[in-house]
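Structure file structure_28.cif with mmCIF, N, CA and C atoms:
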data_entry
loop_
_atom_site.label_atom_id
_atom_site.label_comp_id
_atom_site.auth_asym_id
_atom_site.auth_seq_id
_atom_site.Cartn_x
_atom_site.Cartn_y
_atom_site.Cartn_z
N MET A 246 136.58 93.28 136.50
CA MET A 246 135.62 92.81 135.53
C MET A 246 134.23 92.74 136.14
N SER A 247 134.13 92.33 137.38
CA SER A 247 132.82 92.23 138.01
C SER A 247 132.24 93.62 138.27
N ASP A 248 133.12 94.63 138.45
CA ASP A 248 132.62 95.99 138.63
C ASP A 248 131.96 96.51 137.37
N LYS A 249 132.55 96.17 136.21
CA LYS A 249 131.97 96.60 134.94
C LYS A 249 130.63 95.92 134.71
N ALA A 250 130.54 94.68 135.10
CA ALA A 250 129.28 93.95 134.89
C ALA A 250 128.18 94.52 135.75
N THR A 251 128.50 94.95 136.95
CA THR A 251 127.46 95.49 137.83
C THR A 251 127.08 96.90 137.42
N LEU A 252 128.01 97.63 136.79
CA LEU A 252 127.71 98.99 136.39
C LEU A 252 127.01 99.05 135.02
N ALA A 253 127.07 97.97 134.28
CA ALA A 253 126.44 97.97 132.96
C ALA A 253 124.92 98.09 133.10
N LYS A 254 124.35 98.79 132.14
CA LYS A 254 122.90 98.95 132.15
C LYS A 254 122.23 97.64 131.81
N LYS A 255 121.09 97.46 132.41
CA LYS A 255 120.31 96.28 132.09
C LYS A 255 119.69 96.46 130.71
N ARG A 256 119.82 95.44 129.86
CA ARG A 256 119.27 95.51 128.52
C ARG A 256 117.75 95.42 128.58
N PRO A 257 117.08 96.15 127.71
CA PRO A 257 115.60 96.10 127.72
C PRO A 257 115.10 94.72 127.28
N GLU A 258 114.01 94.33 127.88
CA GLU A 258 113.39 93.07 127.50
C GLU A 258 112.25 93.36 126.53
N PHE A 259 112.22 92.61 125.45
CA PHE A 259 111.16 92.76 124.48
C PHE A 259 110.24 91.55 124.58
N ARG A 260 108.99 91.84 124.84
CA ARG A 260 108.01 90.77 125.00
C ARG A 260 106.93 90.94 123.94
N ASN A 261 106.14 89.94 123.79
CA ASN A 261 105.01 90.04 122.88
C ASN A 261 104.05 91.09 123.39
N ILE A 262 103.42 91.80 122.46
CA ILE A 262 102.48 92.83 122.88
C ILE A 262 101.14 92.21 123.20
N ASN A 263 100.42 92.86 124.06
CA ASN A 263 99.07 92.44 124.41
C ASN A 263 98.12 93.31 123.59
N ALA A 264 97.32 92.69 122.77
CA ALA A 264 96.45 93.43 121.86
C ALA A 264 95.44 94.30 122.61
N PHE A 265 95.02 93.90 123.78
CA PHE A 265 93.99 94.65 124.49
C PHE A 265 94.56 95.81 125.30
N SER A 266 95.78 95.69 125.80
CA SER A 266 96.33 96.77 126.62
C SER A 266 97.32 97.65 125.87
N ASP A 267 98.07 97.09 124.91
CA ASP A 267 99.11 97.86 124.24
C ASP A 267 98.61 98.57 122.98
N LEU A 268 97.80 97.91 122.18
CA LEU A 268 97.39 98.50 120.90
C LEU A 268 96.52 99.75 121.02
N PRO A 269 95.59 99.84 121.97
CA PRO A 269 94.80 101.07 122.05
C PRO A 269 95.64 102.31 122.37
N SER A 270 96.76 102.14 123.02
CA SER A 270 97.58 103.30 123.36
C SER A 270 98.64 103.59 122.30
N TYR A 271 98.77 102.71 121.29
CA TYR A 271 99.78 102.90 120.25
C TYR A 271 99.29 103.94 119.25
N ARG A 272 100.14 104.89 118.93
CA ARG A 272 99.77 105.95 117.98
C ARG A 272 100.44 105.66 116.64
N LEU A 273 99.64 105.27 115.66
CA LEU A 273 100.14 104.91 114.34
C LEU A 273 100.42 106.17 113.54
N PRO A 274 101.59 106.27 112.88
CA PRO A 274 101.87 107.46 112.06
C PRO A 274 101.01 107.49 110.80
N ALA A 275 101.00 108.64 110.15
CA ALA A 275 100.15 108.82 108.97
C ALA A 275 100.50 107.81 107.87
N ALA A 276 101.78 107.54 107.69
CA ALA A 276 102.19 106.58 106.66
C ALA A 276 101.66 105.18 106.98
N GLY A 277 101.58 104.84 108.25
CA GLY A 277 101.02 103.55 108.66
C GLY A 277 99.54 103.47 108.36
N TRP A 278 98.82 104.57 108.60
CA TRP A 278 97.40 104.60 108.28
C TRP A 278 97.17 104.45 106.78
N VAL A 279 97.99 105.14 105.99
CA VAL A 279 97.84 105.04 104.53
C VAL A 279 98.12 103.61 104.08
N SER A 280 99.12 102.99 104.65
CA SER A 280 99.46 101.62 104.27
C SER A 280 98.33 100.65 104.60
N ILE A 281 97.80 100.75 105.80
CA ILE A 281 96.70 99.88 106.21
C ILE A 281 95.45 100.14 105.37
N LEU A 282 95.12 101.42 105.18
CA LEU A 282 93.93 101.76 104.41
C LEU A 282 94.09 101.42 102.93
N HIS A 283 95.32 101.39 102.43
CA HIS A 283 95.56 100.97 101.04
C HIS A 283 95.15 99.50 100.89
N ARG A 284 95.48 98.71 101.87
CA ARG A 284 95.09 97.29 101.83
C ARG A 284 93.60 97.12 102.03
N VAL A 285 93.02 97.88 102.96
CA VAL A 285 91.58 97.81 103.20
C VAL A 285 90.81 98.23 101.95
N SER A 286 91.27 99.29 101.28
CA SER A 286 90.56 99.75 100.08
C SER A 286 90.67 98.73 98.96
N GLY A 287 91.80 98.04 98.87
CA GLY A 287 91.94 96.99 97.86
C GLY A 287 90.98 95.84 98.11
N VAL A 288 90.87 95.43 99.36
CA VAL A 288 89.94 94.35 99.72
C VAL A 288 88.50 94.79 99.49
N LEU A 289 88.20 96.03 99.83
CA LEU A 289 86.84 96.56 99.65
C LEU A 289 86.47 96.61 98.16
N MET A 290 87.40 97.05 97.33
CA MET A 290 87.11 97.07 95.89
C MET A 290 86.92 95.65 95.35
N PHE A 291 87.72 94.72 95.82
CA PHE A 291 87.57 93.34 95.38
C PHE A 291 86.23 92.77 95.85
N ALA A 292 85.86 93.04 97.09
CA ALA A 292 84.61 92.51 97.63
C ALA A 292 83.39 93.12 96.94
N LEU A 293 83.49 94.38 96.53
CA LEU A 293 82.37 95.05 95.88
C LEU A 293 82.39 94.92 94.36
N MET A 294 83.25 94.06 93.83
CA MET A 294 83.32 93.88 92.38
C MET A 294 81.98 93.43 91.78
N PRO A 295 81.21 92.52 92.39
CA PRO A 295 79.89 92.20 91.82
C PRO A 295 78.97 93.41 91.75
N PHE A 296 79.03 94.28 92.73
CA PHE A 296 78.23 95.51 92.74
C PHE A 296 78.66 96.42 91.59
N VAL A 297 79.95 96.54 91.36
CA VAL A 297 80.46 97.37 90.26
C VAL A 297 80.02 96.81 88.92
N ILE A 298 80.12 95.50 88.77
CA ILE A 298 79.71 94.88 87.51
C ILE A 298 78.22 95.06 87.29
N TRP A 299 77.42 94.92 88.35
CA TRP A 299 75.98 95.14 88.23
C TRP A 299 75.68 96.58 87.84
N MET A 300 76.35 97.54 88.51
CA MET A 300 76.12 98.95 88.18
C MET A 300 76.47 99.24 86.72
N PHE A 301 77.60 98.74 86.27
CA PHE A 301 78.01 98.98 84.89
C PHE A 301 77.05 98.33 83.91
N ASP A 302 76.67 97.10 84.16
CA ASP A 302 75.79 96.38 83.24
C ASP A 302 74.43 97.04 83.14
N THR A 303 73.83 97.38 84.28
CA THR A 303 72.49 97.97 84.24
C THR A 303 72.51 99.41 83.74
N SER A 304 73.62 100.09 83.84
CA SER A 304 73.64 101.48 83.40
C SER A 304 73.80 101.61 81.89
N ILE A 305 74.33 100.57 81.22
CA ILE A 305 74.55 100.70 79.77
C ILE A 305 73.68 99.79 78.93
N SER A 306 72.90 98.91 79.54
CA SER A 306 72.12 97.94 78.76
C SER A 306 71.02 98.60 77.94
N SER A 307 70.16 99.36 78.61
CA SER A 307 69.05 100.01 77.91
C SER A 307 68.55 101.17 78.76
N GLU A 308 67.60 101.91 78.21
CA GLU A 308 67.04 103.02 78.97
C GLU A 308 66.23 102.52 80.17
N ILE A 309 65.56 101.39 79.98
CA ILE A 309 64.76 100.82 81.06
C ILE A 309 65.66 100.34 82.19
N SER A 310 66.76 99.67 81.85
CA SER A 310 67.67 99.20 82.90
C SER A 310 68.37 100.37 83.58
N TYR A 311 68.61 101.46 82.83
CA TYR A 311 69.20 102.64 83.46
C TYR A 311 68.23 103.27 84.45
N ALA A 312 66.94 103.29 84.10
CA ALA A 312 65.93 103.81 85.02
C ALA A 312 65.85 102.93 86.27
N ARG A 313 65.98 101.61 86.10
CA ARG A 313 66.00 100.70 87.25
C ARG A 313 67.24 100.95 88.10
N PHE A 314 68.34 101.19 87.44
CA PHE A 314 69.60 101.48 88.12
C PHE A 314 69.48 102.74 88.98
N THR A 315 68.95 103.80 88.41
CA THR A 315 68.83 105.05 89.17
C THR A 315 67.78 104.94 90.27
N SER A 316 66.74 104.14 90.05
CA SER A 316 65.72 103.99 91.09
C SER A 316 66.26 103.19 92.29
N ALA A 317 67.28 102.38 92.07
CA ALA A 317 67.87 101.64 93.19
C ALA A 317 68.47 102.59 94.20
N PHE A 318 68.96 103.74 93.74
CA PHE A 318 69.57 104.71 94.64
C PHE A 318 68.55 105.64 95.28
N SER A 319 67.35 105.73 94.72
CA SER A 319 66.34 106.59 95.32
C SER A 319 65.29 105.79 96.09
N VAL A 320 64.78 104.71 95.49
CA VAL A 320 63.72 103.92 96.11
C VAL A 320 64.29 102.75 96.89
N GLY A 321 65.24 102.08 96.30
CA GLY A 321 65.84 100.91 96.92
C GLY A 321 65.73 99.70 96.02
N LEU A 322 66.37 98.60 96.45
CA LEU A 322 66.38 97.39 95.65
C LEU A 322 66.70 96.22 96.57
N LEU A 323 66.13 95.07 96.28
CA LEU A 323 66.36 93.84 97.05
C LEU A 323 66.04 93.99 98.53
N GLY A 324 65.03 94.78 98.83
CA GLY A 324 64.62 94.96 100.22
C GLY A 324 65.48 95.95 101.00
N LEU A 325 66.47 96.53 100.37
CA LEU A 325 67.32 97.52 101.04
C LEU A 325 66.95 98.91 100.55
N PRO A 326 66.90 99.88 101.46
CA PRO A 326 66.55 101.25 101.03
C PRO A 326 67.65 101.86 100.16
N GLY A 327 67.29 102.90 99.45
CA GLY A 327 68.23 103.56 98.56
C GLY A 327 69.45 104.13 99.27
N MET A 328 69.27 104.51 100.54
CA MET A 328 70.39 105.08 101.31
C MET A 328 71.51 104.05 101.47
N VAL A 329 71.17 102.79 101.65
CA VAL A 329 72.19 101.74 101.79
C VAL A 329 72.99 101.61 100.51
N TRP A 330 72.31 101.67 99.36
CA TRP A 330 73.00 101.56 98.07
C TRP A 330 73.89 102.77 97.84
N LYS A 331 73.42 103.94 98.28
CA LYS A 331 74.25 105.15 98.16
C LYS A 331 75.49 105.05 99.05
N LEU A 332 75.32 104.56 100.26
CA LEU A 332 76.47 104.40 101.15
C LEU A 332 77.45 103.37 100.61
N LEU A 333 76.92 102.33 99.99
CA LEU A 333 77.79 101.32 99.37
C LEU A 333 78.57 101.94 98.21
N ALA A 334 77.91 102.75 97.41
CA ALA A 334 78.60 103.44 96.31
C ALA A 334 79.62 104.44 96.85
N LEU A 335 79.29 105.11 97.95
CA LEU A 335 80.23 106.05 98.56
C LEU A 335 81.46 105.32 99.10
N ALA A 336 81.27 104.17 99.70
CA ALA A 336 82.40 103.38 100.17
C ALA A 336 83.27 102.95 99.00
N LEU A 337 82.65 102.61 97.90
CA LEU A 337 83.40 102.22 96.71
C LEU A 337 84.17 103.40 96.15
N MET A 338 83.57 104.58 96.16
CA MET A 338 84.27 105.79 95.70
C MET A 338 85.51 106.06 96.55
N TRP A 339 85.32 106.00 97.88
CA TRP A 339 86.47 106.23 98.76
C TRP A 339 87.55 105.19 98.51
N ALA A 340 87.16 103.92 98.38
CA ALA A 340 88.14 102.86 98.19
C ALA A 340 88.94 103.10 96.91
N TYR A 341 88.26 103.45 95.83
CA TYR A 341 88.98 103.69 94.58
C TYR A 341 89.91 104.90 94.71
N LEU A 342 89.39 106.01 95.22
CA LEU A 342 90.21 107.22 95.33
C LEU A 342 91.42 107.00 96.23
N HIS A 343 91.21 106.39 97.38
CA HIS A 343 92.32 106.17 98.30
C HIS A 343 93.34 105.22 97.69
N HIS A 344 92.87 104.13 97.10
CA HIS A 344 93.78 103.15 96.52
C HIS A 344 94.58 103.77 95.37
N PHE A 345 93.92 104.57 94.55
CA PHE A 345 94.61 105.23 93.44
C PHE A 345 95.66 106.21 93.95
N LEU A 346 95.28 107.08 94.88
CA LEU A 346 96.22 108.09 95.38
C LEU A 346 97.38 107.46 96.14
N ALA A 347 97.10 106.43 96.93
CA ALA A 347 98.18 105.75 97.64
C ALA A 347 99.09 105.03 96.65
N GLY A 348 98.53 104.50 95.58
CA GLY A 348 99.35 103.85 94.55
C GLY A 348 100.25 104.85 93.85
N VAL A 349 99.71 106.04 93.54
CA VAL A 349 100.53 107.10 92.93
C VAL A 349 101.64 107.51 93.90
N ARG A 350 101.32 107.57 95.18
CA ARG A 350 102.34 107.91 96.18
C ARG A 350 103.47 106.87 96.17
N HIS A 351 103.10 105.61 96.12
CA HIS A 351 104.13 104.55 96.10
C HIS A 351 104.94 104.59 94.81
N LEU A 352 104.30 104.85 93.69
CA LEU A 352 105.03 104.96 92.43
C LEU A 352 106.00 106.13 92.47
N ARG A 353 105.58 107.24 93.05
CA ARG A 353 106.46 108.40 93.18
C ARG A 353 107.67 108.07 94.04
N MET A 354 107.44 107.33 95.11
CA MET A 354 108.57 106.94 95.97
C MET A 354 109.49 105.98 95.24
N ASP A 355 108.94 105.11 94.39
CA ASP A 355 109.78 104.18 93.64
C ASP A 355 110.60 104.89 92.57
N ILE A 356 110.02 105.92 91.95
CA ILE A 356 110.72 106.62 90.87
C ILE A 356 111.79 107.56 91.42
N SER A 357 111.44 108.31 92.44
CA SER A 357 112.36 109.30 92.99
C SER A 357 112.83 108.85 94.37
N HIS A 358 114.02 108.33 94.42
CA HIS A 358 114.54 107.85 95.71
C HIS A 358 114.90 109.00 96.64
N ASP A 359 114.97 110.23 96.10
CA ASP A 359 115.22 111.39 96.96
C ASP A 359 114.01 111.68 97.83
N ALA A 360 112.83 111.24 97.38
CA ALA A 360 111.59 111.52 98.11
C ALA A 360 111.34 110.54 99.25
N VAL A 361 112.25 109.61 99.47
CA VAL A 361 112.03 108.61 100.51
C VAL A 361 112.75 109.04 101.79
N THR A 362 112.12 109.94 102.49
CA THR A 362 112.59 110.36 103.81
C THR A 362 111.41 110.29 104.75
N LYS A 363 111.70 110.37 106.02
CA LYS A 363 110.61 110.29 106.99
C LYS A 363 109.67 111.49 106.85
N ALA A 364 110.25 112.66 106.63
CA ALA A 364 109.43 113.88 106.50
C ALA A 364 108.56 113.83 105.24
N SER A 365 109.14 113.44 104.11
CA SER A 365 108.34 113.38 102.88
C SER A 365 107.31 112.26 102.95
N GLY A 366 107.65 111.16 103.60
CA GLY A 366 106.68 110.08 103.77
C GLY A 366 105.49 110.52 104.59
N THR A 367 105.75 111.26 105.65
CA THR A 367 104.67 111.78 106.48
C THR A 367 103.83 112.79 105.71
N ASN A 368 104.50 113.68 104.99
CA ASN A 368 103.76 114.71 104.24
C ASN A 368 102.92 114.11 103.13
N THR A 369 103.48 113.19 102.36
CA THR A 369 102.70 112.60 101.27
C THR A 369 101.57 111.72 101.81
N ALA A 370 101.79 111.10 102.95
CA ALA A 370 100.71 110.31 103.56
C ALA A 370 99.56 111.21 103.98
N ARG A 371 99.89 112.36 104.54
CA ARG A 371 98.83 113.31 104.93
C ARG A 371 98.10 113.84 103.71
N VAL A 372 98.84 114.07 102.62
CA VAL A 372 98.21 114.54 101.38
C VAL A 372 97.25 113.47 100.85
N VAL A 373 97.67 112.22 100.87
CA VAL A 373 96.81 111.13 100.38
C VAL A 373 95.55 111.03 101.23
N LEU A 374 95.70 111.07 102.54
CA LEU A 374 94.53 110.98 103.42
C LEU A 374 93.58 112.16 103.20
N THR A 375 94.14 113.36 103.11
CA THR A 375 93.32 114.55 102.94
C THR A 375 92.62 114.56 101.59
N LEU A 376 93.38 114.29 100.53
CA LEU A 376 92.78 114.30 99.19
C LEU A 376 91.72 113.22 99.01
N SER A 377 91.98 112.03 99.52
CA SER A 377 90.99 110.96 99.35
C SER A 377 89.70 111.29 100.09
N LEU A 378 89.81 111.83 101.28
CA LEU A 378 88.60 112.20 102.03
C LEU A 378 87.90 113.40 101.41
N ALA A 379 88.67 114.39 100.94
CA ALA A 379 88.05 115.58 100.34
C ALA A 379 87.35 115.23 99.03
N LEU A 380 87.99 114.44 98.18
CA LEU A 380 87.36 114.06 96.93
C LEU A 380 86.15 113.15 97.16
N THR A 381 86.22 112.30 98.17
CA THR A 381 85.07 111.47 98.51
C THR A 381 83.92 112.34 99.00
N ALA A 382 84.23 113.37 99.77
CA ALA A 382 83.17 114.28 100.25
C ALA A 382 82.53 115.02 99.09
N VAL A 383 83.32 115.46 98.12
CA VAL A 383 82.77 116.17 96.95
C VAL A 383 81.88 115.23 96.13
N LEU A 384 82.39 114.04 95.85
CA LEU A 384 81.58 113.08 95.08
C LEU A 384 80.37 112.59 95.88
N GLY A 385 80.52 112.46 97.19
CA GLY A 385 79.40 112.07 98.03
C GLY A 385 78.32 113.14 98.06
N ALA A 386 78.72 114.40 98.05
CA ALA A 386 77.74 115.48 97.99
C ALA A 386 76.95 115.42 96.69
N LYS A 387 77.63 115.10 95.62
CA LYS A 387 76.94 114.94 94.33
C LYS A 387 76.02 113.73 94.36
N LEU A 388 76.48 112.62 94.94
CA LEU A 388 75.69 111.40 95.03
C LEU A 388 74.41 111.63 95.84
N PHE A 389 74.53 112.36 96.93
CA PHE A 389 73.37 112.61 97.79
C PHE A 389 72.57 113.82 97.37
N GLY A 390 72.90 114.43 96.23
CA GLY A 390 72.09 115.50 95.67
C GLY A 390 72.25 116.86 96.32
N LEU A 391 73.40 117.13 96.91
CA LEU A 391 73.61 118.44 97.54
C LEU A 391 73.94 119.52 96.54
N TYR A 392 74.35 119.14 95.36
CA TYR A 392 74.56 120.12 94.27
C TYR A 392 74.27 119.48 92.94
#
Target format structure tokens, applied to this file:
Amino acid sequence: MSDKATLAKKRPEFRNINAFSDLPSYRLPAAGWVSILHRVSGVLMFALMPFVIWMFDTSISSEISYARFTSAFSVGLLGLPGMVWKLLALALMWAYLHHFLAGVRHLRMDISHDAVTKASGTNTARVVLTLSLALTAVLGAKLFGLY
């Protein structure tokens, strides 16, 4: 019996991770990035809700308020240059697109249980990341006047 105990492999020890030494070397899979960014985009949309309400209100109130709304993106408003407002709108666009696409991905996984595999999870996560960034780039190009 003592021979078996000495020949047995030592069990691995699991300790708490050190955020400064372990996390920078950890490679998060695509599905993990989508999950984290889904939460970040939800918080970002919630935090920018006053900005969305202001944009909607000033864009539909009157022609004068619409002119003020569009000048905020070219000239600036509240002491901030127009570029800051454009970047804020771009962040909101990305947050909405990513949150929507990641939500559709989760709904698809809920509806079709055949699609819940590691390979399909990785592939759909990559599609969500690629589509959200590509659509944000297209809308950002329009926002910044490239076409």
Assuming the chain letters and numbering stay as they are in my file, what does the PyMOL selection byres (((chain A and resi 373-389 and name CA) around 6) and name CA) actually select? List them as a count of residues only. 10
What's around Ser304 in chain A at 8 Å? Count all atoms listed in the file, leave out sequence neighbours fewer than 5 positions away in its own chain, and write the answer as a list in words.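 Residues near the query, excluding close chain neighbours: Ile298, Trp299, Ser310, Tyr311, Ala312, Arg313, Phe314 and Thr315 of chain A.
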Pick from A:Leu352, A:Leu282, A:Val320, A:Ala292: nearest to Leu333 in chain A, with only C-alpha atoms counted? A:Ala292
Atom C of Met354 in chain A to atom C of Thr369 in chain A: how many Å, to one decimal?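 Interatomic distance here is 11.8 Å.
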Nearest residue to Leu293 in chain A out of A:Ala336, A:Lys363, A:Ile305, A:Ser319, using only C-alpha atoms?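 Checking each candidate against Leu293 in chain A, we get A:Ala336 as the closest.
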For Leu337 in chain A: contacts at 7 Å, all atoms listed in the file, fewer than 5 positions along chain excluded, given as a PyMOL selection string: chain A and resi 289-290+332+342
Have a look at CA of Gly287 in chain A and CA of Phe345 in chain A and let me know their distance in Å, one decimal.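 Separating CA of Gly287 in chain A from CA of Phe345 in chain A is a distance of 9.7 Å.
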Run DSSP on the backbone and grab whatever in chain A lands in helix (DSSP H, G or I); send it over as number ranges by chain. A: 247-252, 268-270, 275-292, 294-305, 308-319, 327-356, 358-360, 363-388
